[in-house]
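Q: Pasting coords.cif below, which is mmCIF, N, CA and C atoms.
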```cif
data_start
loop_
_atom_site.label_atom_id
_atom_site.label_comp_id
_atom_site.auth_asym_id
_atom_site.auth_seq_id
_atom_site.Cartn_x
_atom_site.Cartn_y
_atom_site.Cartn_z
N MET O 740 299.66 60.26 -26.10
CA MET O 740 301.09 60.31 -26.19
C MET O 740 301.73 59.62 -25.02
N SER O 741 302.00 58.38 -25.12
CA SER O 741 302.57 57.63 -24.01
C SER O 741 304.07 57.83 -23.89
N GLY O 742 304.74 58.40 -24.92
CA GLY O 742 306.18 58.60 -24.88
C GLY O 742 306.58 59.82 -24.06
N VAL O 743 305.63 60.70 -23.75
CA VAL O 743 305.93 61.91 -23.00
C VAL O 743 305.78 61.63 -21.50
N GLN O 744 306.87 61.87 -20.75
CA GLN O 744 306.81 61.66 -19.31
C GLN O 744 306.26 62.92 -18.64
N GLU O 745 305.47 62.70 -17.63
CA GLU O 745 304.94 63.81 -16.85
C GLU O 745 306.08 64.46 -16.08
N GLN O 746 306.12 65.78 -16.08
CA GLN O 746 307.14 66.53 -15.36
C GLN O 746 306.51 67.17 -14.13
N VAL O 747 307.26 67.20 -13.03
CA VAL O 747 306.80 67.82 -11.80
C VAL O 747 307.79 68.94 -11.47
N GLU O 748 307.27 70.15 -11.29
CA GLU O 748 308.14 71.27 -10.95
C GLU O 748 308.18 71.42 -9.43
N ILE O 749 309.40 71.39 -8.89
CA ILE O 749 309.58 71.37 -7.43
C ILE O 749 310.57 72.44 -7.02
N LYS O 750 310.27 73.08 -5.88
CA LYS O 750 311.28 73.90 -5.20
C LYS O 750 311.42 73.33 -3.79
N PHE O 751 312.62 73.44 -3.28
CA PHE O 751 312.91 72.88 -1.97
C PHE O 751 313.12 74.03 -0.99
N ARG O 752 312.30 74.05 0.07
CA ARG O 752 312.38 75.10 1.09
C ARG O 752 313.29 74.62 2.21
N LEU O 753 314.33 75.42 2.48
CA LEU O 753 315.29 75.09 3.53
C LEU O 753 314.80 75.64 4.87
N HIS O 754 315.46 75.23 5.94
CA HIS O 754 315.02 75.59 7.29
C HIS O 754 315.03 77.09 7.55
N ASP O 755 315.85 77.85 6.84
CA ASP O 755 315.91 79.29 7.07
C ASP O 755 314.97 80.09 6.16
N GLY O 756 314.16 79.37 5.37
CA GLY O 756 313.19 80.03 4.50
C GLY O 756 313.68 80.26 3.08
N SER O 757 314.96 80.02 2.82
CA SER O 757 315.47 80.16 1.45
C SER O 757 315.09 78.93 0.64
N ASP O 758 315.20 79.05 -0.68
CA ASP O 758 314.77 77.97 -1.57
C ASP O 758 315.90 77.51 -2.48
N ILE O 759 315.80 76.24 -2.88
CA ILE O 759 316.60 75.69 -3.96
C ILE O 759 315.60 75.38 -5.06
N GLY O 760 315.83 75.93 -6.25
CA GLY O 760 314.91 75.69 -7.36
C GLY O 760 314.04 76.89 -7.61
N PRO O 761 312.98 76.74 -8.35
CA PRO O 761 312.31 75.52 -8.80
C PRO O 761 313.01 74.89 -10.01
N ARG O 762 312.75 73.60 -10.17
CA ARG O 762 313.33 72.81 -11.25
C ARG O 762 312.35 71.69 -11.59
N LYS O 763 312.36 71.27 -12.84
CA LYS O 763 311.44 70.21 -13.27
C LYS O 763 312.14 68.85 -13.20
N TYR O 764 311.38 67.86 -12.72
CA TYR O 764 311.86 66.48 -12.61
C TYR O 764 310.80 65.55 -13.21
N PRO O 765 311.23 64.46 -13.84
CA PRO O 765 310.26 63.47 -14.32
C PRO O 765 309.53 62.83 -13.13
N ALA O 766 308.28 62.44 -13.32
CA ALA O 766 307.50 61.82 -12.24
C ALA O 766 308.10 60.50 -11.78
N ALA O 767 308.96 59.89 -12.61
CA ALA O 767 309.59 58.62 -12.26
C ALA O 767 310.85 58.80 -11.41
N THR O 768 311.22 60.05 -11.09
CA THR O 768 312.41 60.33 -10.29
C THR O 768 312.20 59.84 -8.87
N ARG O 769 313.19 59.14 -8.34
CA ARG O 769 313.12 58.64 -6.96
C ARG O 769 313.50 59.75 -5.97
N VAL O 770 312.99 59.65 -4.76
CA VAL O 770 313.26 60.62 -3.71
C VAL O 770 314.77 60.66 -3.41
N ALA O 771 315.44 59.53 -3.44
CA ALA O 771 316.88 59.49 -3.20
C ALA O 771 317.63 60.34 -4.23
N THR O 772 317.17 60.35 -5.47
CA THR O 772 317.78 61.16 -6.52
C THR O 772 317.56 62.65 -6.24
N LEU O 773 316.38 63.00 -5.74
CA LEU O 773 316.11 64.39 -5.35
C LEU O 773 317.07 64.83 -4.25
N LYS O 774 317.29 63.97 -3.28
CA LYS O 774 318.19 64.30 -2.18
C LYS O 774 319.61 64.51 -2.68
N GLU O 775 320.04 63.70 -3.66
CA GLU O 775 321.37 63.89 -4.24
C GLU O 775 321.46 65.24 -4.94
N SER O 776 320.39 65.62 -5.63
CA SER O 776 320.35 66.92 -6.30
C SER O 776 320.42 68.06 -5.28
N ILE O 777 319.70 67.94 -4.18
CA ILE O 777 319.72 68.96 -3.13
C ILE O 777 321.12 69.08 -2.54
N LEU O 778 321.74 67.95 -2.28
CA LEU O 778 323.09 67.93 -1.71
C LEU O 778 324.07 68.65 -2.64
N ALA O 779 323.95 68.43 -3.95
CA ALA O 779 324.83 69.06 -4.93
C ALA O 779 324.57 70.57 -5.03
N GLN O 780 323.33 71.00 -4.81
CA GLN O 780 322.95 72.41 -4.95
C GLN O 780 322.96 73.16 -3.62
N TRP O 781 323.28 72.48 -2.52
CA TRP O 781 323.22 73.11 -1.20
C TRP O 781 324.14 74.32 -1.15
N PRO O 782 323.66 75.47 -0.68
CA PRO O 782 324.50 76.67 -0.60
C PRO O 782 325.69 76.43 0.34
N LYS O 783 326.88 76.66 -0.18
CA LYS O 783 328.11 76.36 0.58
C LYS O 783 328.28 77.27 1.80
N GLU O 784 327.68 78.49 1.73
CA GLU O 784 327.87 79.43 2.83
C GLU O 784 326.99 79.11 4.05
N LYS O 785 326.07 78.19 3.93
CA LYS O 785 325.17 77.86 5.04
C LYS O 785 325.87 76.92 6.03
N GLU O 786 325.71 77.24 7.30
CA GLU O 786 326.29 76.40 8.35
C GLU O 786 325.42 75.17 8.57
N ASN O 787 326.01 74.14 9.12
CA ASN O 787 325.31 72.91 9.47
C ASN O 787 324.60 72.27 8.28
N GLY O 788 325.25 72.30 7.14
CA GLY O 788 324.68 71.68 5.96
C GLY O 788 324.80 70.16 6.03
N PRO O 789 324.06 69.45 5.21
CA PRO O 789 324.12 67.99 5.22
C PRO O 789 325.43 67.51 4.61
N ARG O 790 325.94 66.40 5.13
CA ARG O 790 327.16 65.80 4.58
C ARG O 790 326.82 64.69 3.61
N THR O 791 325.74 63.98 3.89
CA THR O 791 325.34 62.86 3.04
C THR O 791 323.84 62.94 2.78
N VAL O 792 323.39 62.10 1.85
CA VAL O 792 321.97 62.02 1.52
C VAL O 792 321.17 61.57 2.74
N ASN O 793 321.77 60.75 3.59
CA ASN O 793 321.07 60.25 4.78
C ASN O 793 320.81 61.33 5.82
N ASP O 794 321.49 62.48 5.69
CA ASP O 794 321.26 63.59 6.61
C ASP O 794 320.02 64.41 6.24
N LEU O 795 319.42 64.13 5.09
CA LEU O 795 318.28 64.90 4.60
C LEU O 795 316.97 64.14 4.74
N LYS O 796 315.92 64.89 5.03
CA LYS O 796 314.55 64.35 4.98
C LYS O 796 313.73 65.33 4.16
N LEU O 797 312.89 64.79 3.28
CA LEU O 797 311.99 65.62 2.47
C LEU O 797 310.58 65.44 2.98
N ILE O 798 309.87 66.56 3.12
CA ILE O 798 308.49 66.52 3.59
C ILE O 798 307.61 67.17 2.53
N ASN O 799 306.56 66.45 2.13
CA ASN O 799 305.59 66.97 1.17
C ASN O 799 304.20 66.66 1.70
N ALA O 800 303.36 67.67 1.78
CA ALA O 800 301.99 67.53 2.27
C ALA O 800 301.95 66.86 3.65
N GLY O 801 302.92 67.21 4.49
CA GLY O 801 302.94 66.70 5.86
C GLY O 801 303.47 65.29 6.01
N LYS O 802 304.00 64.70 4.94
CA LYS O 802 304.50 63.33 5.00
C LYS O 802 305.99 63.30 4.69
N ILE O 803 306.73 62.52 5.48
CA ILE O 803 308.15 62.31 5.20
C ILE O 803 308.25 61.32 4.06
N LEU O 804 308.99 61.68 3.02
CA LEU O 804 309.09 60.86 1.82
C LEU O 804 310.19 59.82 1.97
N GLU O 805 309.88 58.61 1.56
CA GLU O 805 310.84 57.50 1.62
C GLU O 805 311.74 57.53 0.39
N ASN O 806 313.00 57.15 0.56
CA ASN O 806 313.99 57.20 -0.53
C ASN O 806 313.60 56.39 -1.75
N ASN O 807 312.95 55.26 -1.55
CA ASN O 807 312.67 54.37 -2.69
C ASN O 807 311.39 54.74 -3.45
N ASN O 808 310.63 55.71 -2.98
CA ASN O 808 309.41 56.14 -3.68
C ASN O 808 309.75 57.08 -4.83
N THR O 809 308.88 57.09 -5.85
CA THR O 809 309.03 58.04 -6.95
C THR O 809 308.17 59.26 -6.68
N LEU O 810 308.41 60.32 -7.45
CA LEU O 810 307.58 61.53 -7.31
C LEU O 810 306.12 61.22 -7.61
N GLY O 811 305.89 60.38 -8.59
CA GLY O 811 304.52 60.02 -8.95
C GLY O 811 303.79 59.34 -7.81
N GLU O 812 304.50 58.55 -7.01
CA GLU O 812 303.90 57.86 -5.87
C GLU O 812 303.67 58.81 -4.70
N CYS O 813 304.42 59.91 -4.64
CA CYS O 813 304.33 60.84 -3.52
C CYS O 813 303.31 61.95 -3.72
N LYS O 814 302.79 62.09 -4.93
CA LYS O 814 301.86 63.18 -5.20
C LYS O 814 300.59 63.04 -4.39
N SER O 815 300.16 64.15 -3.87
CA SER O 815 298.92 64.19 -3.10
C SER O 815 297.83 64.81 -3.97
N PRO O 816 296.65 64.19 -4.05
CA PRO O 816 295.58 64.77 -4.87
C PRO O 816 295.15 66.15 -4.38
N ILE O 817 295.33 66.43 -3.11
CA ILE O 817 294.94 67.73 -2.56
C ILE O 817 295.89 68.82 -3.05
N CYS O 818 297.19 68.48 -3.13
CA CYS O 818 298.20 69.48 -3.49
C CYS O 818 298.52 69.50 -4.97
N ASP O 819 297.91 68.64 -5.75
CA ASP O 819 298.25 68.52 -7.16
C ASP O 819 297.56 69.61 -7.97
N LEU O 820 298.33 70.61 -8.35
CA LEU O 820 297.82 71.68 -9.20
C LEU O 820 298.49 71.56 -10.55
N SER O 821 297.72 71.48 -11.58
CA SER O 821 298.27 71.36 -12.92
C SER O 821 299.11 72.59 -13.24
N GLY O 822 300.38 72.37 -13.56
CA GLY O 822 301.27 73.47 -13.91
C GLY O 822 301.80 74.24 -12.72
N GLY O 823 301.44 73.87 -11.51
CA GLY O 823 301.90 74.58 -10.32
C GLY O 823 303.24 74.06 -9.84
N ILE O 824 303.85 74.81 -8.94
CA ILE O 824 305.13 74.41 -8.35
C ILE O 824 304.85 73.76 -7.01
N THR O 825 305.41 72.58 -6.81
CA THR O 825 305.29 71.87 -5.54
C THR O 825 306.44 72.30 -4.64
N THR O 826 306.13 72.68 -3.41
CA THR O 826 307.17 73.03 -2.45
C THR O 826 307.36 71.86 -1.50
N MET O 827 308.59 71.38 -1.44
CA MET O 827 308.95 70.33 -0.48
C MET O 827 309.87 70.94 0.57
N HIS O 828 309.63 70.60 1.80
CA HIS O 828 310.46 71.11 2.89
C HIS O 828 311.62 70.16 3.13
N VAL O 829 312.79 70.75 3.34
CA VAL O 829 314.00 69.98 3.56
C VAL O 829 314.40 70.12 5.03
N VAL O 830 314.58 68.99 5.69
CA VAL O 830 315.01 68.97 7.08
C VAL O 830 316.37 68.29 7.12
N VAL O 831 317.32 68.94 7.79
CA VAL O 831 318.65 68.37 7.94
C VAL O 831 318.74 67.71 9.30
N ARG O 832 319.13 66.46 9.30
CA ARG O 832 319.27 65.72 10.56
C ARG O 832 320.41 66.34 11.36
N PRO O 833 320.17 66.66 12.64
CA PRO O 833 321.24 67.24 13.47
C PRO O 833 322.35 66.21 13.68
N PRO O 834 323.53 66.68 14.07
CA PRO O 834 324.62 65.74 14.33
C PRO O 834 324.19 64.68 15.33
N SER O 835 324.70 63.51 15.15
CA SER O 835 324.33 62.37 15.98
C SER O 835 324.60 62.65 17.46
N SER O 836 323.68 62.24 18.32
CA SER O 836 323.83 62.47 19.76
C SER O 836 324.99 61.65 20.33
N GLU O 837 325.35 60.55 19.68
CA GLU O 837 326.49 59.76 20.13
C GLU O 837 327.76 60.59 20.06
N LYS O 838 327.93 61.33 18.97
CA LYS O 838 329.11 62.16 18.80
C LYS O 838 329.14 63.26 19.85
N LEU O 839 327.97 63.84 20.15
CA LEU O 839 327.90 64.90 21.13
C LEU O 839 328.25 64.40 22.52
N THR O 840 327.71 63.24 22.91
CA THR O 840 328.02 62.71 24.24
C THR O 840 329.47 62.28 24.32
N GLU O 841 330.03 61.81 23.20
CA GLU O 841 331.43 61.42 23.17
C GLU O 841 332.30 62.66 23.39
N LYS O 842 331.96 63.78 22.74
CA LYS O 842 332.71 65.01 22.92
C LYS O 842 332.59 65.52 24.34
N LYS O 843 331.40 65.42 24.91
CA LYS O 843 331.20 65.87 26.28
C LYS O 843 332.09 65.11 27.25
N SER O 844 332.12 63.79 27.09
CA SER O 844 332.89 62.98 28.03
C SER O 844 334.39 63.22 27.89
N VAL O 845 334.85 63.58 26.70
CA VAL O 845 336.27 63.84 26.49
C VAL O 845 336.64 65.21 27.04
N ASN O 846 335.80 66.21 26.82
CA ASN O 846 336.13 67.58 27.19
C ASN O 846 335.84 67.92 28.64
N GLN O 847 334.94 67.23 29.28
CA GLN O 847 334.56 67.57 30.64
C GLN O 847 335.04 66.50 31.62
N PRO O 848 335.53 66.95 32.76
CA PRO O 848 335.90 65.96 33.78
C PRO O 848 334.64 65.30 34.33
N PRO O 849 334.78 64.09 34.83
CA PRO O 849 333.59 63.42 35.38
C PRO O 849 333.00 64.22 36.54
N GLU O 850 331.69 64.19 36.65
CA GLU O 850 331.02 64.92 37.71
C GLU O 850 331.24 64.20 39.04
N PRO O 851 331.51 64.99 40.08
CA PRO O 851 331.72 64.35 41.39
C PRO O 851 330.41 63.73 41.88
N THR O 852 330.54 62.61 42.52
CA THR O 852 329.35 61.96 43.10
C THR O 852 329.41 62.07 44.60
N CYS O 853 328.26 62.06 45.18
CA CYS O 853 328.17 62.19 46.61
C CYS O 853 327.82 60.84 47.21
N GLY O 854 328.52 60.42 48.21
CA GLY O 854 328.21 59.18 48.88
C GLY O 854 327.78 59.48 50.31
N CYS O 855 326.51 59.61 50.53
CA CYS O 855 325.98 59.95 51.85
C CYS O 855 325.60 58.67 52.59
N VAL O 856 325.90 58.66 53.88
CA VAL O 856 325.53 57.53 54.72
C VAL O 856 324.74 58.07 55.90
N ILE O 857 323.56 57.51 56.14
CA ILE O 857 322.73 57.94 57.28
C ILE O 857 322.84 56.85 58.34
N LEU O 858 323.26 57.26 59.54
CA LEU O 858 323.40 56.31 60.65
C LEU O 858 322.32 56.43 61.66
#
```
Give the structure from the file, written as C-alpha cells.

A:
Amino acid sequence: MSGVQEQVEIKFRLHDGSDIGPRKYPAATRVATLKESILAQWPKEKENGPRTVNDLKLINAGKILENNNTLGECKSPICDLSGGITTMHVVVRPPSSEKLTEKKSVNQPPEPTCGCVIL
C-alpha cells in the first residue's frame, strides 16, 4: 500500500516537565511545521513562552533537529518503536543578550572608573 503515509505519534516535553500532545503527524512533516504547531498550542499561562518559530529548538535522541528536515529523516533506529510515542524536548531560546545589555546600559549609570597614577 504505497498510498498510505506513515504516521509518527509525538508528544513535546516542555522545560517544566509538562507536555503538548501526543498527536500524530505524517512522516513527511517538516520540523518547521512542528514548531508552528507547538507555537499555536503553547500554554498561554506559561511565562517566557516563545514569540516566533525561531525561538524554539526541538531535540530528539540527543540531536537538535533542523527546520528543513522531515520527521522521516529525523527518526533514530534506536528510538523507533512501532506504535510507540516519540517524546521530543522543546527548548525555548532565552531573550537575546543584545536586548539585555541594551536595557542594562539604559537603566544603570555608567560605572565609575579609577585612574591611578604611580610616581

Q: Would you work out the distance separating atom CA of O:Pro789 from atom CA of O:Gly801, expressed in Å to one decimal?

A: 21.2 Å

Q: Tell me which residues the PyMOL selection byres ((chain O and resi 760) around 7) grabs here, as a PDB file with N, CA and C atoms, keeping the file's coordinate frame.

A:
```
ATOM      1  N   ILE O 749     309.400  71.390  -8.890  1.00  0.00           N
ATOM      2  CA  ILE O 749     309.580  71.370  -7.430  1.00  0.00           C
ATOM      3  C   ILE O 749     310.570  72.440  -7.020  1.00  0.00           C
ATOM      4  N   LYS O 750     310.270  73.080  -5.880  1.00  0.00           N
ATOM      5  CA  LYS O 750     311.280  73.900  -5.200  1.00  0.00           C
ATOM      6  C   LYS O 750     311.420  73.330  -3.790  1.00  0.00           C
ATOM      7  N   PHE O 751     312.620  73.440  -3.280  1.00  0.00           N
ATOM      8  CA  PHE O 751     312.910  72.880  -1.970  1.00  0.00           C
ATOM      9  C   PHE O 751     313.120  74.030  -0.990  1.00  0.00           C
ATOM     10  N   ASP O 758     315.200  79.050  -0.680  1.00  0.00           N
ATOM     11  CA  ASP O 758     314.770  77.970  -1.570  1.00  0.00           C
ATOM     12  C   ASP O 758     315.900  77.510  -2.480  1.00  0.00           C
ATOM     13  N   ILE O 759     315.800  76.240  -2.880  1.00  0.00           N
ATOM     14  CA  ILE O 759     316.600  75.690  -3.960  1.00  0.00           C
ATOM     15  C   ILE O 759     315.600  75.380  -5.060  1.00  0.00           C
ATOM     16  N   PRO O 761     312.980  76.740  -8.350  1.00  0.00           N
ATOM     17  CA  PRO O 761     312.310  75.520  -8.800  1.00  0.00           C
ATOM     18  C   PRO O 761     313.010  74.890 -10.010  1.00  0.00           C
ATOM     19  N   ARG O 762     312.750  73.600 -10.170  1.00  0.00           N
ATOM     20  CA  ARG O 762     313.330  72.810 -11.250  1.00  0.00           C
ATOM     21  C   ARG O 762     312.350  71.690 -11.590  1.00  0.00           C
TER      22      ARG O 762
END
```

Q: Choose the residue, out of O:Met827, O:Cys813, O:Ala800, O:Ala771, that has the smallest atom-to-atom separation from O:Gly756; count only C-alpha atoms.

A: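 Nearest candidate to O:Gly756 out of O:Met827, O:Cys813, O:Ala800, O:Ala771: O:Met827.
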
Q: Using only N, CA and C atoms, which residue out of O:Asn799, O:Gln744, O:Thr791, O:Thr852 lies closest to O:Lys774?

A: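 Checking each of O:Asn799, O:Gln744, O:Thr791, O:Thr852 against O:Lys774, counting only N, CA and C atoms, the winner is O:Thr791.
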
Q: Under the PyMOL selection byres (((chain O and resi 787 and name CA) around 9) and name CA), which residues of this model are included? Write them out as a ChimeraX atom specification.

A: /O:785-786,788-790,831,833-834

Q: Counting only C-alpha atoms, note down every residue that has an atom within 12 Å of the point (305.4, 66.5, 5.9) (file coordinates), as a ChimeraX atom specification.

A: /O:796-805,813,815,826-830

Q: Determine the residue membership of the PyMOL selection byres ((chain O and resi 770) around 5) for the file above and supply it as an MDAnalysis selection string.

A: chainID O and resid 768:769 771:774 806 808:809

Q: Grab the atom CA of O:Pro765 to atom CA of O:Asn807 distance for me, in Å with one decimal place.

A: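 The value is 15.0 Å.
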
Q: Could you jot down the atom C of O:His754 to atom N of O:Lys783 separation for me, Å, one decimal place?

A: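 These two atoms are separated by 14.2 Å.
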
Q: Which of these, O:Ala766, O:Asn793, O:Leu753, O:Gly811, has the shortest distance to O:Gln780 once you count only C-alpha atoms?

A: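 Smallest distance to O:Gln780 is found for O:Leu753.
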
Q: Which is closest to O:Lys763 among O:Gly823, O:Val792, O:Lys814, O:Leu778, if we use only C-alpha atoms?

A: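 The closest residue to O:Lys763 is O:Gly823.
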
Q: Out of stretch 749-831 of chain O, which residues get helix (DSSP H, G or I) from DSSP, as a ChimeraX atom specification?

A: /O:770-780,792-794,810-813

Q: As JSON, what would the box around stretch 795-807 of chain O look like: edges along x, y and z, 6 Å added on every side, centre and edge lengths in Å to one decimal?

A:
```
{"center_x": 310.7, "center_y": 61.0, "center_z": 1.3, "size_x": 29.5, "size_y": 25.3, "size_z": 21.5}
```

Q: Apply DSSP to the backbone of this structure and, from stretch 743-841 of chain O, keep only the residues in strand (DSSP E); write these as a ChimeraX atom specification.

A: /O:746-752,758-765,795-799,802-803,824-831

Q: Extract stretch 762-772 of chain O from the preceding block and save all heavy atoms as a PDB file, in the first residue's frame.

A:
```pdb
ATOM      1  N   ARG O 762       0.176  13.677  19.550  1.00  0.00           N
ATOM      2  CA  ARG O 762      -0.568  13.901  18.320  1.00  0.00           C
ATOM      3  C   ARG O 762       0.162  13.191  17.188  1.00  0.00           C
ATOM      4  O   ARG O 762       1.371  13.067  17.220  1.00  0.00           O
ATOM      5  CB  ARG O 762      -0.622  15.400  18.073  1.00  0.00           C
ATOM      6  CG  ARG O 762      -1.664  15.816  17.113  1.00  0.00           C
ATOM      7  CD  ARG O 762      -1.862  17.314  17.174  1.00  0.00           C
ATOM      8  NE  ARG O 762      -2.396  17.715  15.893  1.00  0.00           N
ATOM      9  CZ  ARG O 762      -2.318  18.908  15.391  1.00  0.00           C
ATOM     10  NH1 ARG O 762      -1.742  19.863  16.062  1.00  0.00           N
ATOM     11  NH2 ARG O 762      -2.824  19.175  14.219  1.00  0.00           N
ATOM     12  N   LYS O 763      -0.590  12.762  16.187  1.00  0.00           N
ATOM     13  CA  LYS O 763       0.022  12.054  15.056  1.00  0.00           C
ATOM     14  C   LYS O 763       0.321  13.029  13.924  1.00  0.00           C
ATOM     15  O   LYS O 763      -0.484  13.912  13.625  1.00  0.00           O
ATOM     16  CB  LYS O 763      -0.889  10.944  14.553  1.00  0.00           C
ATOM     17  CG  LYS O 763      -0.983   9.794  15.528  1.00  0.00           C
ATOM     18  CD  LYS O 763      -1.733   8.640  14.940  1.00  0.00           C
ATOM     19  CE  LYS O 763      -1.738   7.493  15.954  1.00  0.00           C
ATOM     20  NZ  LYS O 763      -2.327   6.292  15.407  1.00  0.00           N
ATOM     21  N   TYR O 764       1.496  12.836  13.311  1.00  0.00           N
ATOM     22  CA  TYR O 764       1.943  13.649  12.187  1.00  0.00           C
ATOM     23  C   TYR O 764       2.434  12.713  11.081  1.00  0.00           C
ATOM     24  O   TYR O 764       3.038  11.680  11.379  1.00  0.00           O
ATOM     25  CB  TYR O 764       3.114  14.562  12.602  1.00  0.00           C
ATOM     26  CG  TYR O 764       2.756  15.564  13.664  1.00  0.00           C
ATOM     27  CD1 TYR O 764       2.926  15.259  15.014  1.00  0.00           C
ATOM     28  CD2 TYR O 764       2.265  16.813  13.327  1.00  0.00           C
ATOM     29  CE1 TYR O 764       2.607  16.186  15.999  1.00  0.00           C
ATOM     30  CE2 TYR O 764       1.945  17.743  14.305  1.00  0.00           C
ATOM     31  CZ  TYR O 764       2.120  17.423  15.637  1.00  0.00           C
ATOM     32  OH  TYR O 764       1.794  18.329  16.609  1.00  0.00           O
ATOM     33  N   PRO O 765       2.233  13.084   9.818  1.00  0.00           N
ATOM     34  CA  PRO O 765       2.801  12.288   8.723  1.00  0.00           C
ATOM     35  C   PRO O 765       4.336  12.342   8.776  1.00  0.00           C
ATOM     36  O   PRO O 765       4.917  13.348   9.196  1.00  0.00           O
ATOM     37  CB  PRO O 765       2.286  12.963   7.456  1.00  0.00           C
ATOM     38  CG  PRO O 765       1.144  13.825   7.897  1.00  0.00           C
ATOM     39  CD  PRO O 765       1.397  14.169   9.325  1.00  0.00           C
ATOM     40  N   ALA O 766       5.001  11.279   8.355  1.00  0.00           N
ATOM     41  CA  ALA O 766       6.468  11.232   8.371  1.00  0.00           C
ATOM     42  C   ALA O 766       7.081  12.289   7.462  1.00  0.00           C
ATOM     43  O   ALA O 766       8.240  12.655   7.627  1.00  0.00           O
ATOM     44  CB  ALA O 766       6.953   9.842   7.965  1.00  0.00           C
ATOM     45  N   ALA O 767       6.302  12.822   6.511  1.00  0.00           N
ATOM     46  CA  ALA O 767       6.802  13.844   5.595  1.00  0.00           C
ATOM     47  C   ALA O 767       6.719  15.255   6.182  1.00  0.00           C
ATOM     48  O   ALA O 767       7.133  16.221   5.544  1.00  0.00           O
ATOM     49  CB  ALA O 767       6.023  13.796   4.282  1.00  0.00           C
ATOM     50  N   THR O 768       6.221  15.391   7.417  1.00  0.00           N
ATOM     51  CA  THR O 768       6.092  16.704   8.057  1.00  0.00           C
ATOM     52  C   THR O 768       7.474  17.269   8.359  1.00  0.00           C
ATOM     53  O   THR O 768       8.334  16.584   8.898  1.00  0.00           O
ATOM     54  CB  THR O 768       5.284  16.583   9.366  1.00  0.00           C
ATOM     55  OG1 THR O 768       4.029  15.998   9.072  1.00  0.00           O
ATOM     56  CG2 THR O 768       5.083  17.925  10.011  1.00  0.00           C
ATOM     57  N   ARG O 769       7.672  18.530   8.028  1.00  0.00           N
ATOM     58  CA  ARG O 769       8.953  19.202   8.296  1.00  0.00           C
ATOM     59  C   ARG O 769       9.003  19.674   9.755  1.00  0.00           C
ATOM     60  O   ARG O 769       7.981  19.956  10.369  1.00  0.00           O
ATOM     61  CB  ARG O 769       9.138  20.381   7.362  1.00  0.00           C
ATOM     62  CG  ARG O 769       9.205  19.960   5.911  1.00  0.00           C
ATOM     63  CD  ARG O 769      10.287  20.734   5.175  1.00  0.00           C
ATOM     64  NE  ARG O 769      10.435  20.227   3.829  1.00  0.00           N
ATOM     65  CZ  ARG O 769      11.315  19.306   3.464  1.00  0.00           C
ATOM     66  NH1 ARG O 769      12.136  18.801   4.344  1.00  0.00           N
ATOM     67  NH2 ARG O 769      11.394  18.904   2.217  1.00  0.00           N
ATOM     68  N   VAL O 770      10.207  19.790  10.278  1.00  0.00           N
ATOM     69  CA  VAL O 770      10.422  20.233  11.654  1.00  0.00           C
ATOM     70  C   VAL O 770       9.865  21.651  11.835  1.00  0.00           C
ATOM     71  O   VAL O 770       9.265  21.957  12.873  1.00  0.00           O
ATOM     72  CB  VAL O 770      11.924  20.167  12.017  1.00  0.00           C
ATOM     73  CG1 VAL O 770      12.198  20.813  13.365  1.00  0.00           C
ATOM     74  CG2 VAL O 770      12.396  18.712  12.009  1.00  0.00           C
ATOM     75  N   ALA O 771      10.004  22.510  10.840  1.00  0.00           N
ATOM     76  CA  ALA O 771       9.474  23.869  10.928  1.00  0.00           C
ATOM     77  C   ALA O 771       7.958  23.845  11.139  1.00  0.00           C
ATOM     78  O   ALA O 771       7.417  24.658  11.901  1.00  0.00           O
ATOM     79  CB  ALA O 771       9.828  24.660   9.677  1.00  0.00           C
ATOM     80  N   THR O 772       7.266  22.906  10.510  1.00  0.00           N
ATOM     81  CA  THR O 772       5.818  22.773  10.679  1.00  0.00           C
ATOM     82  C   THR O 772       5.486  22.326  12.103  1.00  0.00           C
ATOM     83  O   THR O 772       4.504  22.790  12.693  1.00  0.00           O
ATOM     84  CB  THR O 772       5.252  21.773   9.656  1.00  0.00           C
ATOM     85  OG1 THR O 772       5.652  22.181   8.352  1.00  0.00           O
ATOM     86  CG2 THR O 772       3.747  21.683   9.726  1.00  0.00           C
TER      87      THR O 772
END
```
